[in-house]
2 protein chains.
Amino acid sequence: MVSVTKAEGDLPSLPAARRDPTLVDVARQAGVSVSTAGRVLRDGGWPVDPLLRERVRETALQLGYVPNVLARTLRSGGTALVGLVAGNMLDPYYGEIAEAVTRHAEAAHPMLAMVCNMQRDPLLELKYCRQLWEHRVAGLILAGGGFDQVTHRTQLAVIIEQMKKSGVVVTLLSPRDLDAPQFCVDNRLVGEMAAAELIRHGHRRVGIAIGRVQNLVRRQRLEAMVATFDAAGVRHTILEPTEPSAPETAVSDLLAANRDITGLVASTHMISMGIINEVLRVGLAVPRDISVVAIGNAKLLEWSTPRLTHIDLNLEACGRAALDFIAARASGAPQAAQTAILPRLITGDSVIAPDR
Amino acid sequence: MVSVTKAEGDLPSLPAARRDPTLVDVARQAGVSVSTAGRVLRDGGWPVDPLLRERVRETALQLGYVPNVLARTLRSGGTALVGLVAGNMLDPYYGEIAEAVTRHAEAAHPMLAMVCNMQRDPLLELKYCRQLWEHRVAGLILAGGGFDQVTHRTQLAVIIEQMKKSGVVVTLLSPRDLDAPQFCVDNRLVGEMAAAELIRHGHRRVGIAIGRVQNLVRRQRLEAMVATFDAAGVRHTILEPTEPSAPETAVSDLLAANRDITGLVASTHMISMGIINEVLRVGLAVPRDISVVAIGNAKLLEWSTPRLTHIDLNLEACGRAALDFIAARASGAPQAAQTAILPRLITGDSVIAPDR
DNA sequence: TTCCACTGAGACAACGTTATCTTGTCTGAG
DNA sequence: CTCAGACAAGATAACGTTGTCTCAGTGGAA
């Protein structure tokens, strides 16, 4: 196998024996002590002779010194890492979260976000939590959906609990049955707003495309919508399986069975896209024949044709809030204030008054 | 919810003084030496008395021991981290790359990918490279676009060079003027395939929506398309500014000025979406009035209406290849073989024979 | 002049691992 | 019976940084 038996003295052959210049090297080269070199190269603020300071800086630059964050972290205890476990990077929903978190981490805090991709796999979620923990992240942001089987949920709850005990600040970006602060909009409010938008335009017979109601988020939205429609005396039909994978039958069935429906709420941007396609496919047009209110985030919704009216989940605010919370908590603040994050109605061209 | 307030020992006031159980603790508790504990808790393979082994394992579990990757890495030199600098997480293009890289890192190698989001900002790209370097990543995957101003390119080239010298395996996921192995499809081939698809269906007058031809990728695609169309005697019109931000005028202008155009190539999935919207807006339909071939990756293209025929860039293969290369190189292989990655024609419903 | 507070720089230990060296025990051959 | 050789476990020294302690020099006040 390894033919090169470290013949160090002479030829460091292949991968060039990774050996970066270290603080000791800089210090020696500059003729100062390691402490002094460290003090200079650290953020400064210390009283060091300007002459020495300059000399050290010069030497470091010349040697191509790059501080070793690992050693620094090991010694000083605190990490500047934040872990983000996202559900699925292909989904712009998580893309927006990742964008918000990484951007805010970079801009507002001296932190680096590690984005992990759980691929909708609860096992992988556990694994990433563990790995991030091993990397001693200061905080953890869980943004995966709640695809929780009971056993996974338990395991996750256990590891979360341990991490918290170990000092990691754990946060959630969607409502889940886990004991950690949540940063997300009120999904009941989201449901209300979506329903209200159709009601406001005078729709009396509507459909609700909710997807599989297996997680908390969708259940909350659904309940709020139903309640809102009921309160307004609007007839509503619930449409269950409508993931973009195979939405064909669902919308067709709905529309076939309820020809008088004039409006639809799509509770996910993925579902929205499926619906629009399907509505087009069966020869109807949005919003001429049927109005659509979507729930989601993605800027992609605005690029669709027509521009979809939707309830924006304000994911950016959620991500920022979670990060701020972590930063505050990690720096010793007793408890950061949790301000409310409100969903926003983004008016597009997909809702008009019904003509029947 | 969970009403259990951590009323543990006495009063561990604020952030509970992060103090995780360490190997030393485990060893002491289990009554063995640190070396032995370490040997057991490391992947094993060492000859350790089964009794002790079990005892150590038990103790570690009971104490909630979590190995400190930082210390491990610091001591053993090699990292299992790979840095990915992506252009923009909102863009599903980079989403697919991130997905491929993180998934492959997790599945095929014992590595963890750190995804960074350069937000199309060259300065940020530099910053992230530096930060990843400080974290002593084993490899770096640059997937940002080439938004390079000259000064930034130079700075980037310098830091890349230093990183390489320091032992970091640097790779590129799009053609850029940097000295590092590239893992991406041949964009000339992509252009050819896109053009060929329209030609194959009999189109004789086509438009090329290429966006701003400021980077290498688009230039290569454009040249190949032009050459292919020319060779087939197909009349082509180049359409420059067509980002989704404000594509309104461009397509309209094109279509107004060239009413006889029967086919379009959109050289980006973002552009594709803009085009489709615009074509619809001016009252035409795809593919009835105009056929569209897109270039891109996103599965989103398949969810559009109609399903877009497109040249898939095989980003997954690119990401995997880059990662494999890094892993091979990091583990001392002299030079990993670079296999060709081929684009794929995904046939949708957006191209038919022209009716005029 | 003496003493103390103060300043700036060096010495040194420690963070939690792992690699290497050393020690001790046991087997079996000479 | 002794000693080489194998084997398992303990001891120890790093890895590169930072926090703390020490120390030498300086200036001012008693």
# chains A, B, ... in the order shown; residues from 1 in each chain; ligands from 1
$ calpha_fit_rmsd --fixed "chain B" --moving "chain A"
3.6 Å
$ closest_atom_pairs --of "chain A" --to "chain C" --cutoff "7 Å" --atoms "only C-alpha atoms (C1' of nucleotides)" --output "JSON lines"
{"residue": "A:Ser33", "atom": "CA", "partner": "C:DG10", "partner_atom": "C1'", "distance": 6.1}
{"residue": "A:Thr36", "atom": "CA", "partner": "C:DA9", "partner_atom": "C1'", "distance": 6.9}
{"residue": "A:Pro47", "atom": "CA", "partner": "C:DG8", "partner_atom": "C1'", "distance": 6.9}
{"residue": "A:Val48", "atom": "CA", "partner": "C:DG8", "partner_atom": "C1'", "distance": 6.7}
{"residue": "A:Leu74", "atom": "CA", "partner": "C:DC15", "partner_atom": "C1'", "distance": 5.3}
{"residue": "A:Arg75", "atom": "CA", "partner": "C:DC15", "partner_atom": "C1'", "distance": 4.4}
$ write_last_selection --atoms "C-alpha atoms" --output "CSV table (one decimal), in the first residue's frame"
chain,number,residue,atom,x,y,z
A,33,SER,CA,7.7,35.8,22.1
A,36,THR,CA,3.4,38.9,21.8
A,47,PRO,CA,-0.7,47.6,24.4
A,48,VAL,CA,2.1,46.5,22.2
A,74,LEU,CA,-10.1,24.3,21.5
A,75,ARG,CA,-8.2,26.7,23.8
$ interface_residues --of "chain A" --to "chain B" --cutoff "8 Å" --atoms "only C-alpha atoms" --output "PyMOL selection string"
chain A and resi 14-20+64+66-71+73-74+88-92+95-96+98-99+102-103+113-117+119+133-136+162+165-167+179+244+273-274+277+280+303-306+329-330+332+334
$ closest_atom_pairs --of "chain D" --to "chain B" --cutoff "9 Å" --atoms "only C-alpha atoms (C1' of nucleotides)" --output "Markdown table"
| residue | atom | partner | partner_atom | distance |
| --- | --- | --- | --- | --- |
| D:DC7 | C1' | B:Pro47 | CA | 8.6 |
| D:DA8 | C1' | B:Val48 | CA | 6.9 |
| D:DA9 | C1' | B:Thr36 | CA | 6.9 |
| D:DG10 | C1' | B:Ser33 | CA | 6.1 |
| D:DA11 | C1' | B:Ser33 | CA | 8.9 |
| D:DA14 | C1' | B:Arg75 | CA | 7.9 |
| D:DC15 | C1' | B:Arg75 | CA | 4.4 |
| D:DG16 | C1' | B:Leu74 | CA | 7.6 |
$ write_last_selection --atoms "N, CA and C atoms (P, O5', C5', C4', C3', O3' and C1' of nucleotides)" --output "PDB file, in the first residue's frame"
ATOM      1  P    DC D   7       1.179 -10.879  18.267  1.00  0.00           P
ATOM      2  O5'  DC D   7       0.503 -10.237  19.547  1.00  0.00           O
ATOM      3  C5'  DC D   7       0.234 -11.060  20.692  1.00  0.00           C
ATOM      4  C4'  DC D   7       0.018 -10.177  21.896  1.00  0.00           C
ATOM      5  C3'  DC D   7      -0.834  -8.921  21.618  1.00  0.00           C
ATOM      6  O3'  DC D   7      -1.967  -8.942  22.455  1.00  0.00           O
ATOM      7  C1'  DC D   7       1.039  -8.426  22.965  1.00  0.00           C
ATOM      8  P    DA D   8      -3.249  -8.086  21.982  1.00  0.00           P
ATOM      9  O5'  DA D   8      -3.633  -7.383  23.346  1.00  0.00           O
ATOM     10  C5'  DA D   8      -3.516  -8.119  24.574  1.00  0.00           C
ATOM     11  C4'  DA D   8      -3.251  -7.151  25.699  1.00  0.00           C
ATOM     12  C3'  DA D   8      -4.090  -5.872  25.634  1.00  0.00           C
ATOM     13  O3'  DA D   8      -4.572  -5.566  26.929  1.00  0.00           O
ATOM     14  C1'  DA D   8      -1.807  -5.327  25.778  1.00  0.00           C
ATOM     15  P    DA D   9      -5.799  -4.532  27.052  1.00  0.00           P
ATOM     16  O5'  DA D   9      -5.113  -3.388  27.898  1.00  0.00           O
ATOM     17  C5'  DA D   9      -4.589  -3.703  29.191  1.00  0.00           C
ATOM     18  C4'  DA D   9      -3.606  -2.640  29.599  1.00  0.00           C
ATOM     19  C3'  DA D   9      -4.180  -1.233  29.601  1.00  0.00           C
ATOM     20  O3'  DA D   9      -4.071  -0.676  30.903  1.00  0.00           O
ATOM     21  C1'  DA D   9      -2.055  -1.312  28.536  1.00  0.00           C
ATOM     22  P    DG D  10      -4.682   0.772  31.211  1.00  0.00           P
ATOM     23  O5'  DG D  10      -3.334   1.555  31.532  1.00  0.00           O
ATOM     24  C5'  DG D  10      -2.412   0.995  32.457  1.00  0.00           C
ATOM     25  C4'  DG D  10      -1.106   1.774  32.434  1.00  0.00           C
ATOM     26  C3'  DG D  10      -1.263   3.272  32.651  1.00  0.00           C
ATOM     27  O3'  DG D  10      -0.253   3.721  33.542  1.00  0.00           O
ATOM     28  C1'  DG D  10      -0.121   2.864  30.626  1.00  0.00           C
ATOM     29  P    DA D  11      -0.263   5.194  34.058  1.00  0.00           P
ATOM     30  O5'  DA D  11       0.872   5.837  33.153  1.00  0.00           O
ATOM     31  C5'  DA D  11       2.203   5.338  33.249  1.00  0.00           C
ATOM     32  C4'  DA D  11       3.155   6.177  32.407  1.00  0.00           C
ATOM     33  C3'  DA D  11       3.043   7.691  32.609  1.00  0.00           C
ATOM     34  O3'  DA D  11       4.359   8.225  32.685  1.00  0.00           O
ATOM     35  C1'  DA D  11       2.728   7.163  30.313  1.00  0.00           C
ATOM     36  P    DA D  14       7.605  16.854  22.556  1.00  0.00           P
ATOM     37  O5'  DA D  14       6.337  17.827  22.706  1.00  0.00           O
ATOM     38  C5'  DA D  14       5.924  18.592  21.591  1.00  0.00           C
ATOM     39  C4'  DA D  14       5.042  17.755  20.679  1.00  0.00           C
ATOM     40  C3'  DA D  14       4.062  18.621  19.920  1.00  0.00           C
ATOM     41  O3'  DA D  14       4.391  18.561  18.541  1.00  0.00           O
ATOM     42  C1'  DA D  14       2.927  16.846  21.077  1.00  0.00           C
ATOM     43  P    DC D  15       4.458  19.895  17.731  1.00  0.00           P
ATOM     44  O5'  DC D  15       3.064  20.078  16.989  1.00  0.00           O
ATOM     45  C5'  DC D  15       2.331  19.031  16.402  1.00  0.00           C
ATOM     46  C4'  DC D  15       0.868  19.400  16.379  1.00  0.00           C
ATOM     47  C3'  DC D  15       0.621  20.903  16.402  1.00  0.00           C
ATOM     48  O3'  DC D  15       0.412  21.350  15.073  1.00  0.00           O
ATOM     49  C1'  DC D  15      -0.854  19.709  17.890  1.00  0.00           C
ATOM     50  P    DG D  16       1.240  22.617  14.599  1.00  0.00           P
ATOM     51  O5'  DG D  16       0.402  23.843  15.194  1.00  0.00           O
ATOM     52  C5'  DG D  16      -0.872  24.111  14.642  1.00  0.00           C
ATOM     53  C4'  DG D  16      -1.585  25.102  15.520  1.00  0.00           C
ATOM     54  C3'  DG D  16      -0.882  26.446  15.676  1.00  0.00           C
ATOM     55  O3'  DG D  16      -1.847  27.456  15.499  1.00  0.00           O
ATOM     56  C1'  DG D  16      -1.393  25.563  17.782  1.00  0.00           C
TER      57       DG D  16
END
$ atom_distance --atom1 "atom CA of Ile341 of chain A" --atom2 "atom CA of Ala322 of chain A"
11.1 Å
$ select_by_dssp --residues "segment 152-323 of chain A" --states "strand (DSSP E or B)" --output "PDB file with N, CA and C atoms, in the first residue's frame"
ATOM      1  N   VAL A 169     -26.972  26.162  21.966  1.00  0.00           N
ATOM      2  CA  VAL A 169     -28.254  26.849  21.922  1.00  0.00           C
ATOM      3  C   VAL A 169     -29.065  26.291  20.753  1.00  0.00           C
ATOM      4  N   VAL A 170     -30.095  25.557  21.071  1.00  0.00           N
ATOM      5  CA  VAL A 170     -30.880  24.895  20.034  1.00  0.00           C
ATOM      6  C   VAL A 170     -32.125  25.714  19.711  1.00  0.00           C
ATOM      7  N   THR A 171     -32.383  25.899  18.425  1.00  0.00           N
ATOM      8  CA  THR A 171     -33.583  26.632  18.018  1.00  0.00           C
ATOM      9  C   THR A 171     -34.306  25.892  16.900  1.00  0.00           C
ATOM     10  N   LEU A 172     -35.571  26.195  16.765  1.00  0.00           N
ATOM     11  CA  LEU A 172     -36.381  25.564  15.730  1.00  0.00           C
ATOM     12  C   LEU A 172     -36.898  26.616  14.759  1.00  0.00           C
ATOM     13  N   GLN A 182     -38.898  28.439  19.300  1.00  0.00           N
ATOM     14  CA  GLN A 182     -39.246  28.398  17.882  1.00  0.00           C
ATOM     15  C   GLN A 182     -39.245  29.795  17.285  1.00  0.00           C
ATOM     16  N   ARG A 205     -67.163  29.722  -2.682  1.00  0.00           N
ATOM     17  CA  ARG A 205     -66.967  28.285  -2.787  1.00  0.00           C
ATOM     18  C   ARG A 205     -65.496  28.038  -3.132  1.00  0.00           C
ATOM     19  N   VAL A 206     -64.779  27.493  -2.206  1.00  0.00           N
ATOM     20  CA  VAL A 206     -63.325  27.401  -2.392  1.00  0.00           C
ATOM     21  C   VAL A 206     -62.804  26.000  -2.124  1.00  0.00           C
ATOM     22  N   GLY A 207     -61.587  25.759  -2.596  1.00  0.00           N
ATOM     23  CA  GLY A 207     -60.898  24.509  -2.325  1.00  0.00           C
ATOM     24  C   GLY A 207     -59.635  24.770  -1.525  1.00  0.00           C
ATOM     25  N   ILE A 208     -59.282  23.811  -0.691  1.00  0.00           N
ATOM     26  CA  ILE A 208     -58.060  23.937   0.106  1.00  0.00           C
ATOM     27  C   ILE A 208     -57.132  22.788  -0.262  1.00  0.00           C
ATOM     28  N   ALA A 209     -56.011  23.147  -0.882  1.00  0.00           N
ATOM     29  CA  ALA A 209     -55.036  22.117  -1.249  1.00  0.00           C
ATOM     30  C   ALA A 209     -53.947  22.114  -0.193  1.00  0.00           C
ATOM     31  N   ARG A 235     -68.262  27.979   1.623  1.00  0.00           N
ATOM     32  CA  ARG A 235     -68.188  26.533   1.490  1.00  0.00           C
ATOM     33  C   ARG A 235     -66.764  26.132   1.078  1.00  0.00           C
ATOM     34  N   HIS A 236     -66.209  25.145   1.750  1.00  0.00           N
ATOM     35  CA  HIS A 236     -64.833  24.764   1.424  1.00  0.00           C
ATOM     36  C   HIS A 236     -64.703  23.267   1.264  1.00  0.00           C
ATOM     37  N   THR A 237     -63.816  22.906   0.378  1.00  0.00           N
ATOM     38  CA  THR A 237     -63.550  21.497   0.127  1.00  0.00           C
ATOM     39  C   THR A 237     -62.058  21.246   0.349  1.00  0.00           C
ATOM     40  N   ILE A 238     -61.761  20.242   1.129  1.00  0.00           N
ATOM     41  CA  ILE A 238     -60.353  19.952   1.414  1.00  0.00           C
ATOM     42  C   ILE A 238     -59.823  18.910   0.452  1.00  0.00           C
ATOM     43  N   LEU A 239     -58.657  19.198  -0.016  1.00  0.00           N
ATOM     44  CA  LEU A 239     -58.038  18.408  -1.068  1.00  0.00           C
ATOM     45  C   LEU A 239     -56.740  17.876  -0.499  1.00  0.00           C
ATOM     46  N   GLY A 263     -62.173  29.550  -6.095  1.00  0.00           N
ATOM     47  CA  GLY A 263     -60.886  29.910  -5.513  1.00  0.00           C
ATOM     48  C   GLY A 263     -60.199  28.732  -4.853  1.00  0.00           C
ATOM     49  N   LEU A 264     -58.893  28.819  -4.768  1.00  0.00           N
ATOM     50  CA  LEU A 264     -58.096  27.738  -4.183  1.00  0.00           C
ATOM     51  C   LEU A 264     -57.041  28.341  -3.251  1.00  0.00           C
ATOM     52  N   VAL A 265     -56.784  27.643  -2.156  1.00  0.00           N
ATOM     53  CA  VAL A 265     -55.610  27.981  -1.360  1.00  0.00           C
ATOM     54  C   VAL A 265     -54.629  26.832  -1.491  1.00  0.00           C
ATOM     55  N   ALA A 266     -53.390  27.149  -1.828  1.00  0.00           N
ATOM     56  CA  ALA A 266     -52.347  26.125  -1.924  1.00  0.00           C
ATOM     57  C   ALA A 266     -51.395  26.337  -0.767  1.00  0.00           C
ATOM     58  N   SER A 291     -59.238  31.533  -8.901  1.00  0.00           N
ATOM     59  CA  SER A 291     -58.234  32.335  -8.192  1.00  0.00           C
ATOM     60  C   SER A 291     -57.401  31.432  -7.303  1.00  0.00           C
ATOM     61  N   VAL A 292     -56.146  31.796  -7.140  1.00  0.00           N
ATOM     62  CA  VAL A 292     -55.264  30.981  -6.311  1.00  0.00           C
ATOM     63  C   VAL A 292     -54.511  31.862  -5.309  1.00  0.00           C
ATOM     64  N   VAL A 293     -54.577  31.475  -4.047  1.00  0.00           N
ATOM     65  CA  VAL A 293     -53.722  32.079  -3.029  1.00  0.00           C
ATOM     66  C   VAL A 293     -52.734  31.014  -2.590  1.00  0.00           C
ATOM     67  N   ALA A 294     -51.469  31.340  -2.653  1.00  0.00           N
ATOM     68  CA  ALA A 294     -50.464  30.376  -2.247  1.00  0.00           C
ATOM     69  C   ALA A 294     -49.940  30.729  -0.865  1.00  0.00           C
ATOM     70  N   ILE A 295     -49.358  29.746  -0.221  1.00  0.00           N
ATOM     71  CA  ILE A 295     -48.652  29.993   1.024  1.00  0.00           C
ATOM     72  C   ILE A 295     -47.227  29.552   0.786  1.00  0.00           C
ATOM     73  N   GLY A 296     -46.288  30.370   1.090  1.00  0.00           N
ATOM     74  CA  GLY A 296     -44.922  29.960   0.849  1.00  0.00           C
ATOM     75  C   GLY A 296     -44.009  31.134   0.942  1.00  0.00           C
ATOM     76  N   THR A 309     -50.433  35.614  -5.902  1.00  0.00           N
ATOM     77  CA  THR A 309     -50.716  36.230  -4.620  1.00  0.00           C
ATOM     78  C   THR A 309     -50.412  35.190  -3.545  1.00  0.00           C
ATOM     79  N   HIS A 310     -49.631  35.567  -2.555  1.00  0.00           N
ATOM     80  CA  HIS A 310     -49.315  34.562  -1.554  1.00  0.00           C
ATOM     81  C   HIS A 310     -49.046  35.165  -0.184  1.00  0.00           C
ATOM     82  N   ILE A 311     -49.115  34.300   0.788  1.00  0.00           N
ATOM     83  CA  ILE A 311     -48.773  34.681   2.150  1.00  0.00           C
ATOM     84  C   ILE A 311     -47.313  34.325   2.362  1.00  0.00           C
ATOM     85  N   ASP A 312     -46.510  35.336   2.511  1.00  0.00           N
ATOM     86  CA  ASP A 312     -45.077  35.117   2.673  1.00  0.00           C
ATOM     87  C   ASP A 312     -44.771  34.772   4.119  1.00  0.00           C
TER      88      ASP A 312
END
$ atom_distance --atom1 "atom CA of His152 of chain A" --atom2 "atom CA of Leu126 of chain A"
8.1 Å
$ residues_around --residues "Arg55 of chain B" --least-positions-apart "6" --cutoff "12 Å" --atoms "only C-alpha atoms (C1' of nucleotides)" --output "PyMOL selection string"
chain B and resi 26-32+36-37+40-41+48-49+61-62
$ write_last_selection --atoms "C-alpha atoms" --output "CSV table (one decimal), in the first residue's frame"
chain,number,residue,atom,x,y,z
B,26,VAL,CA,-14.3,8.6,30.8
B,27,ALA,CA,-11.0,7.0,31.4
B,28,ARG,CA,-11.0,7.9,35.1
B,29,GLN,CA,-14.5,6.8,35.6
B,30,ALA,CA,-13.9,3.5,33.8
B,31,GLY,CA,-10.7,3.0,35.6
B,32,VAL,CA,-8.5,2.7,32.6
B,36,THR,CA,-7.1,2.8,26.4
B,37,ALA,CA,-10.3,4.8,26.5
B,40,VAL,CA,-11.8,1.9,22.4
B,41,LEU,CA,-13.7,5.0,21.5
B,48,VAL,CA,-8.3,-4.3,23.7
B,49,ASP,CA,-9.6,-6.6,26.3
B,61,LEU,CA,-22.5,6.4,27.0
B,62,GLN,CA,-23.5,6.9,30.5
$ select_by_dssp --residues "segment 69-301 of chain A" --states "alpha helix (DSSP H)" --output "JSON, numbers by chain"
{"A": [69, 70, 71, 72, 73, 74, 75, 76, 92, 93, 94, 95, 96, 97, 98, 99, 100, 101, 102, 103, 104, 105, 106, 107, 108, 122, 123, 124, 125, 126, 127, 128, 129, 130, 131, 132, 133, 134, 150, 151, 152, 153, 154, 155, 156, 157, 158, 159, 160, 161, 162, 163, 164, 165, 166, 187, 188, 189, 190, 191, 192, 193, 194, 195, 196, 197, 198, 199, 200, 216, 217, 218, 219, 220, 221, 222, 223, 224, 225, 226, 227, 228, 229, 230, 231, 248, 249, 250, 251, 252, 253, 254, 255, 256, 257, 269, 270, 271, 272, 273, 274, 275, 276, 277, 278, 279, 280, 281, 300, 301]}
